[in-house]
>>> print(open('query.txt').read())   # compact mmCIF, C-alpha atoms
# COMPACT_ATOMS: atom_id res chain seq x y z
CA MET A 1 190.40 250.18 231.91
CA ALA A 2 187.56 248.00 233.14
CA LYS A 3 188.17 244.29 233.16
CA ARG A 4 186.06 242.41 230.64
CA VAL A 5 184.13 239.49 232.09
CA SER A 6 183.95 236.53 229.77
CA ARG A 7 180.95 234.28 229.30
CA LYS A 8 182.99 231.43 230.74
CA ASP A 9 183.55 233.42 233.94
CA LEU A 10 179.83 234.16 234.19
CA PHE A 11 179.01 230.48 234.04
CA LYS A 12 181.41 229.89 236.91
CA GLU A 13 179.53 232.36 239.16
CA GLN A 14 176.76 231.03 241.40
CA ASP A 15 173.23 231.81 240.10
CA GLN A 16 171.55 234.22 242.58
CA PHE A 17 168.07 232.76 242.07
CA LEU A 18 169.29 229.20 242.62
CA SER A 19 171.28 230.32 245.61
CA THR A 20 168.19 231.93 247.19
CA SER A 21 166.09 228.87 246.40
CA ASP A 22 168.70 226.61 247.99
CA LYS A 23 168.72 228.75 251.11
CA ALA A 24 164.93 228.66 251.31
CA MET A 25 164.94 224.89 250.83
CA HIS A 26 167.58 224.41 253.51
CA TYR A 27 165.61 226.67 255.87
CA PHE A 28 162.46 224.67 255.19
CA MET A 29 164.24 221.37 255.81
CA ASP A 30 165.82 222.65 259.02
CA ASN A 31 162.55 224.19 260.31
CA ARG A 32 160.03 221.88 258.71
CA SER A 33 157.67 221.56 261.68
CA THR A 34 157.60 225.32 262.32
CA VAL A 35 156.93 226.22 258.67
CA ILE A 36 154.21 223.59 258.32
CA GLY A 37 152.64 224.82 261.57
CA VAL A 38 152.57 228.43 260.33
CA ILE A 39 151.06 227.41 256.99
CA ALA A 40 148.45 225.27 258.74
CA ALA A 41 147.56 228.16 261.08
CA ILE A 42 147.10 230.52 258.11
CA VAL A 43 144.89 227.98 256.32
CA VAL A 44 142.79 227.36 259.44
CA ALA A 45 142.42 231.11 260.12
CA GLY A 46 141.35 231.78 256.53
CA SER A 47 138.92 228.88 256.55
CA SER A 48 137.46 230.03 259.88
CA PHE A 49 136.99 233.59 258.64
CA PHE A 50 135.21 232.62 255.44
CA GLY A 51 133.29 229.87 257.23
CA PHE A 52 132.04 232.32 259.88
CA LYS A 53 131.16 234.88 257.21
CA TYR A 54 129.15 232.25 255.31
CA TYR A 55 127.46 231.15 258.55
CA LYS A 56 126.42 234.72 259.41
CA GLU A 57 125.08 235.34 255.89
CA THR A 58 123.12 232.08 256.01
CA GLN A 59 121.81 232.93 259.49
CA THR A 60 120.69 236.39 258.33
CA LEU A 61 118.79 234.92 255.38
CA ARG A 62 117.19 232.31 257.63
CA ASP A 63 116.10 234.90 260.20
CA GLU A 64 114.75 237.14 257.45
CA ALA A 65 112.60 234.22 256.29
CA PHE A 66 111.37 233.70 259.88
CA TYR A 67 110.55 237.41 260.13
CA TYR A 68 108.52 237.18 256.92
CA GLU A 69 106.56 234.24 258.38
CA ILE A 70 105.76 236.30 261.47
CA THR A 71 104.57 239.24 259.35
CA LYS A 72 102.16 236.89 257.56
CA ILE A 73 100.77 235.74 260.92
CA VAL A 74 100.37 239.36 262.08
CA ASP A 75 98.61 240.33 258.84
CA SER A 76 96.21 237.40 258.99
CA ALA A 77 92.68 237.88 260.31
CA ASP A 78 93.33 235.49 263.20
CA SER A 79 96.67 236.63 264.62
CA SER A 80 98.10 233.99 266.94
CA ALA A 81 100.80 235.25 269.27
CA SER A 82 101.73 231.68 270.23
CA ASP A 83 102.47 230.73 266.61
CA ALA A 84 104.55 233.85 266.10
CA LYS A 85 106.41 233.31 269.39
CA ALA A 86 107.33 229.76 268.35
CA ILE A 87 109.00 231.17 265.24
CA LEU A 88 110.66 233.98 267.21
CA GLU A 89 112.38 231.46 269.50
CA LYS A 90 114.17 229.98 266.47
CA MET A 91 115.77 233.32 265.61
CA ALA A 92 119.22 234.47 266.65
CA ASP A 93 119.68 237.78 268.46
CA GLY A 94 119.91 240.70 266.04
CA GLN A 95 117.95 243.23 264.02
CA GLN A 96 115.51 240.70 262.57
CA LYS A 97 114.65 239.29 265.99
CA ASP A 98 114.14 242.78 267.42
CA ARG A 99 111.82 243.68 264.54
CA ALA A 100 109.92 240.44 265.06
CA SER A 101 109.67 241.15 268.80
CA LEU A 102 108.09 244.51 268.00
CA LEU A 103 105.45 242.71 265.95
CA LEU A 104 104.80 240.29 268.84
CA GLY A 105 104.43 243.26 271.17
CA ASP A 106 101.94 244.82 268.76
CA ILE A 107 99.88 241.61 268.65
CA HIS A 108 99.61 241.53 272.44
CA PHE A 109 98.83 245.27 272.51
CA GLN A 110 95.99 244.82 270.01
CA ASN A 111 94.69 241.95 272.15
CA GLN A 112 94.82 244.30 275.19
CA GLU A 113 97.45 242.07 276.82
CA TYR A 114 99.50 245.06 277.89
CA ASP A 115 101.84 243.36 280.34
CA LYS A 116 102.89 240.84 277.67
CA ALA A 117 103.30 243.64 275.14
CA GLU A 118 105.49 245.56 277.56
CA ALA A 119 107.72 242.51 278.03
CA PHE A 120 108.50 242.39 274.30
CA TYR A 121 109.00 246.15 274.01
CA SER A 122 111.31 246.16 277.03
CA ALA A 123 113.32 243.24 275.59
CA VAL A 124 113.93 245.17 272.36
CA MET A 125 115.04 248.23 274.32
CA SER A 126 117.50 246.13 276.33
CA HIS A 127 119.09 244.79 273.11
CA SER A 128 119.27 248.12 271.25
CA SER A 129 121.01 251.45 271.64
CA GLN A 130 118.94 254.59 272.15
CA SER A 131 119.89 255.90 268.70
CA GLU A 132 118.40 252.89 266.87
CA ILE A 133 114.95 252.99 265.30
CA ASN A 134 113.98 249.70 266.96
CA TYR A 135 114.63 251.25 270.37
CA GLN A 136 112.47 254.27 269.55
CA MET A 137 109.62 252.10 268.24
CA ALA A 138 109.76 249.90 271.34
CA GLN A 139 109.75 252.98 273.57
CA VAL A 140 106.67 254.37 271.81
CA GLY A 141 104.94 250.98 272.06
CA LEU A 142 105.74 250.85 275.76
CA ALA A 143 104.35 254.37 276.22
CA TYR A 144 101.08 253.42 274.49
CA SER A 145 100.82 250.35 276.75
CA HIS A 146 101.17 252.52 279.86
CA GLU A 147 98.62 254.98 278.45
CA SER A 148 96.16 252.17 277.83
CA LYS A 149 96.63 251.01 281.43
CA LYS A 150 95.95 254.62 282.56
CA ASP A 151 99.49 254.88 283.86
CA TYR A 152 99.82 258.37 282.43
CA LYS A 153 102.87 259.38 284.46
CA ASN A 154 105.09 256.67 282.94
CA ALA A 155 103.55 257.19 279.50
CA ILE A 156 104.37 260.90 279.66
CA GLY A 157 107.96 260.14 280.67
CA LEU A 158 108.43 257.74 277.76
CA PHE A 159 106.89 260.08 275.17
CA LYS A 160 109.15 262.88 276.41
CA SER A 161 112.20 260.61 276.12
CA VAL A 162 111.39 259.87 272.47
CA ILE A 163 111.09 263.60 271.75
CA ASP A 164 114.26 264.49 273.66
CA ALA A 165 116.27 261.81 271.82
CA ASN A 166 115.94 263.90 268.62
CA SER A 167 116.72 260.80 266.55
CA GLY A 168 114.69 261.58 263.44
CA PHE A 169 111.76 259.45 264.59
CA PRO A 170 108.39 260.79 263.27
CA LEU A 171 107.13 262.87 266.17
CA PHE A 172 103.69 264.25 265.27
CA GLU A 173 101.75 261.39 266.87
CA VAL A 174 104.21 261.28 269.78
CA TYR A 175 103.53 264.95 270.59
CA TRP A 176 99.79 264.42 270.13
CA SER A 177 99.79 261.42 272.48
CA LEU A 178 101.87 263.33 275.02
CA SER A 179 99.32 266.15 275.02
CA LYS A 180 96.50 263.64 275.35
CA CYS A 181 98.18 261.97 278.35
CA HIS A 182 98.55 265.32 280.10
CA GLU A 183 94.88 265.99 279.44
CA LEU A 184 93.83 262.56 280.76
CA ASN A 185 96.04 263.19 283.78
CA ASN A 186 93.97 266.34 284.51
CA ASP A 187 96.86 268.61 283.53
CA VAL A 188 95.24 270.85 280.91
CA SER A 189 97.91 273.56 281.15
CA ASN A 190 100.68 271.18 280.08
CA ALA A 191 98.42 269.67 277.43
CA LEU A 192 97.96 273.17 275.96
CA LEU A 193 101.70 273.83 276.24
CA ILE A 194 102.46 270.75 274.12
CA LEU A 195 99.76 271.65 271.59
CA ARG A 196 101.13 275.18 271.16
CA GLU A 197 104.60 273.74 270.70
CA MET A 198 103.13 271.48 268.03
CA GLN A 199 101.45 274.47 266.39
CA ILE A 200 104.90 275.99 265.80
CA LYS A 201 106.84 272.81 265.08
CA PHE A 202 104.27 271.34 262.67
CA SER A 203 103.00 274.58 261.11
CA LYS A 204 103.27 273.09 257.62
CA ASN A 205 101.79 269.74 258.55
CA PRO A 206 98.44 268.91 256.86
CA GLN A 207 97.00 268.17 260.32
CA VAL A 208 97.74 271.61 261.75
CA ASP A 209 93.98 272.36 261.77
CA LYS A 210 93.52 269.42 264.12
CA ILE A 211 95.98 271.00 266.55
CA GLU A 212 94.32 274.42 266.41
CA ALA A 213 90.87 272.93 266.93
CA ARG A 214 92.07 271.06 270.01
CA ILE A 215 93.65 274.22 271.43
CA LYS A 216 90.33 276.04 271.08
CA GLN A 217 88.46 273.21 272.80
CA LEU A 218 90.84 273.12 275.77
CA SER A 219 91.03 276.90 276.03
CA ALA A 220 87.24 277.35 276.16
>>> encode(input="query.txt", output="structure tokens")
Amino acid sequence: MAKRVSRKDLFKEQDQFLSTSDKAMHYFMDNRSTVIGVIAAIVVAGSSFFGFKYYKETQTLRDEAFYYEITKIVDSADSSASDAKAILEKMADGQQKDRASLLLGDIHFQNQEYDKAEAFYSAVMSHSSQSEINYQMAQVGLAYSHESKKDYKNAIGLFKSVIDANSGFPLFEVYWSLSKCHELNNDVSNALLILREMQIKFSKNPQVDKIEARIKQLSA
């Protein structure tokens, strides 16, 4: 028969919760400096994480505001590359700065300052991976700069690289410019080859008539 435990006996037994609490308290007292150090490290790590996260969010918002200021300069009738560059220098490295650099490159390109435009396009390419849209846009801008300088060989190489990347970048104008560069480089056969490739690839494009008309002109 099981022995019956009286209430008096229960009161004599040590409370498990109090026993655990006493052990924890004794451990804390014996290892006070270590425990306080661990707690302080956790607090500092948490504060650093949230502080860095807040800093990055604030920085992103600030750079987005700078980018908007640059777009207003670009859209104005009197685009000043120097004003835009002054704002660009305040921006941290990242997507916003790369997008702003593309705009600066475009300003110099429109002003026929091709070497300066190329510097901005090349900078964006050095900061981006080949799969990123900013890289593709910079590569196309660089190709147009070479074309404008009548450096058709380098322009052709860059246009081909954009096409070969197969990144989803809109390619109609890239193909068209590639064909044009071959033509300007006195290579009509390759210009026709690109146009016929376009005729197949862009058969449903509204500008397909433009392709066919150019084929007829070069084939005459």
>>> residues_around(input="query.txt", residues="A:Ser101", least_positions_apart="3", cutoff="7 Å", atoms="only C-alpha atoms", output="PyMOL selection string")
chain A and resi 97-98+104-105+120+124
>>> closest_atom_pairs(input="query.txt", of="stretch 166-206 of chain A", to="stretch 138-142 of chain A", cutoff="12 Å", atoms="only C-alpha atoms", output="tab-separated table")
residue	atom	partner	partner_atom	distance
A:Phe169	CA	A:Val140	CA	10.2
A:Pro170	CA	A:Val140	CA	10.8
A:Leu171	CA	A:Val140	CA	10.2
A:Glu173	CA	A:Val140	CA	9.9
A:Val174	CA	A:Val140	CA	7.6
A:Tyr175	CA	A:Val140	CA	11.1
A:Ser177	CA	A:Val140	CA	9.9
A:Leu178	CA	A:Val140	CA	10.7
>>> closest_residue(input="query.txt", among="A:Ile133, A:Ala143, A:Ala86, A:Leu61", to="A:Tyr114", atoms="only C-alpha atoms")
A:Ala143
>>> closest_residue(input="query.txt", among="A:Ile73, A:Ile107, A:Ile156, A:Met125", to="A:Cys181", atoms="all atoms listed in the file")
A:Ile156
>>> residues_near_point(input="query.txt", point="(107.2, 234.3, 271.6)", cutoff="12 Å", atoms="all atoms listed in the file", output="list in words")
Ile70, Ser80, Ala81, Ser82, Asp83, Ala84, Lys85, Ala86, Ile87, Leu88, Glu89, Lys90, Met91, Lys97, Asp98, Ala100, Ser101, Leu102, Leu103, Leu104, Gly105, Ile107, His108, Lys116, Ala117, Ala119, Phe120 and Ala123 of chain A
>>> atom_distance(input="query.txt", atom1="atom CA of A:Lys153", atom2="atom CA of A:Ser189")
15.4 Å
>>> closest_residue(input="query.txt", among="A:Arg99, A:Arg62, A:Arg196, A:His182", to="A:Ile215", atoms="all atoms listed in the file")
A:Arg196
